[in-house]
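Peer 1: Before I ask anything, let me first share the structure, which is written out below as structure tokens.
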Amino acid sequence: MQVSEVSHSLAAMLQAEAQLTQSAQNISQLAHEIGDPELQEVTQDLVDAITSQIPTQIAYEANAESITTQNAVQEALLNIKA
């Protein structure tokens with residue numbers, strides 16, 4: 001059961017990583033389209049692209065912490081058994 005939970009967390013982390021990569025590419029494209037930073041205003045598309053990364057980053061960190069916790073529990077169980 002532990003292995004499937006870790007696998008699920010790893011899969012979720014990979015999905016979050018892909019979403020962050022796509023979001024970063026969107027931000028880069030928007031920044032390139034906007035042009036000179038001194039002559040431009042922040043567009044709603046840029047704000048949306050940046051803020052969309054927040055939940056994805058939180059999910060990535062939560063899955064990483066889940067794996068850490070699962071490993072600690074498994075280690076404790078192995079120590080009890082030994």
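Going through the structure tokens in order, the chains are called A, B, and so on, while each chain numbers its residues from 1 and the ligands are numbered from 1 in the order shown.
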For range 1-10 of chain A, please output as a PDB file with N, CA and C atoms, in the first residue's frame all residues within 6 Å (counting only C-alpha atoms; exclusion window: fewer than 3 positions along the same chain).
Peer 2:
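In the end it all went to part_8.pdb:
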```pdb
ATOM      1  N   MET A  13       3.347  14.916  -8.561  1.00  0.00           N
ATOM      2  CA  MET A  13       4.455  15.860  -8.653  1.00  0.00           C
ATOM      3  C   MET A  13       4.876  16.071 -10.101  1.00  0.00           C
ATOM      4  N   ASN A  63       2.819  17.226  -2.230  1.00  0.00           N
ATOM      5  CA  ASN A  63       3.136  15.856  -2.622  1.00  0.00           C
ATOM      6  C   ASN A  63       4.542  15.468  -2.183  1.00  0.00           C
ATOM      7  N   ILE A  67       5.457  12.353   0.459  1.00  0.00           N
ATOM      8  CA  ILE A  67       6.454  11.295   0.258  1.00  0.00           C
ATOM      9  C   ILE A  67       7.409  11.245   1.450  1.00  0.00           C
TER      10      ILE A  67
END
```
Peer 1: Do you know which residues are at most 12 Å from Val47 in chain A counting only C-alpha atoms, after dropping those on the same chain fewer than 4 positions away, and could you put them as a ChimeraX atom specification?
Peer 2: /A:23,26-27,30-31,41-43,51-54
Peer 1: Could you check how far CA of Ile80 in chain A sits from CA of Thr68 in chain A, in Å to one decimal?
Peer 2: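 Taking CA of Ile80 in chain A and CA of Thr68 in chain A, their separation equals 18.5 Å.
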Peer 1: How far is it from CA of Ala12 in chain A to CA of Asn71 in chain A, in Å with one decimal?
Peer 2: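 Between CA of Ala12 in chain A and CA of Asn71 in chain A the gap is 16.8 Å.
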Peer 1: Please compute the CA of Ala49 in chain A-CA of Glu61 in chain A distance, one decimal, in Å.
Peer 2: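 Going from CA of Ala49 in chain A over to CA of Glu61 in chain A, I get 19.2 Å.
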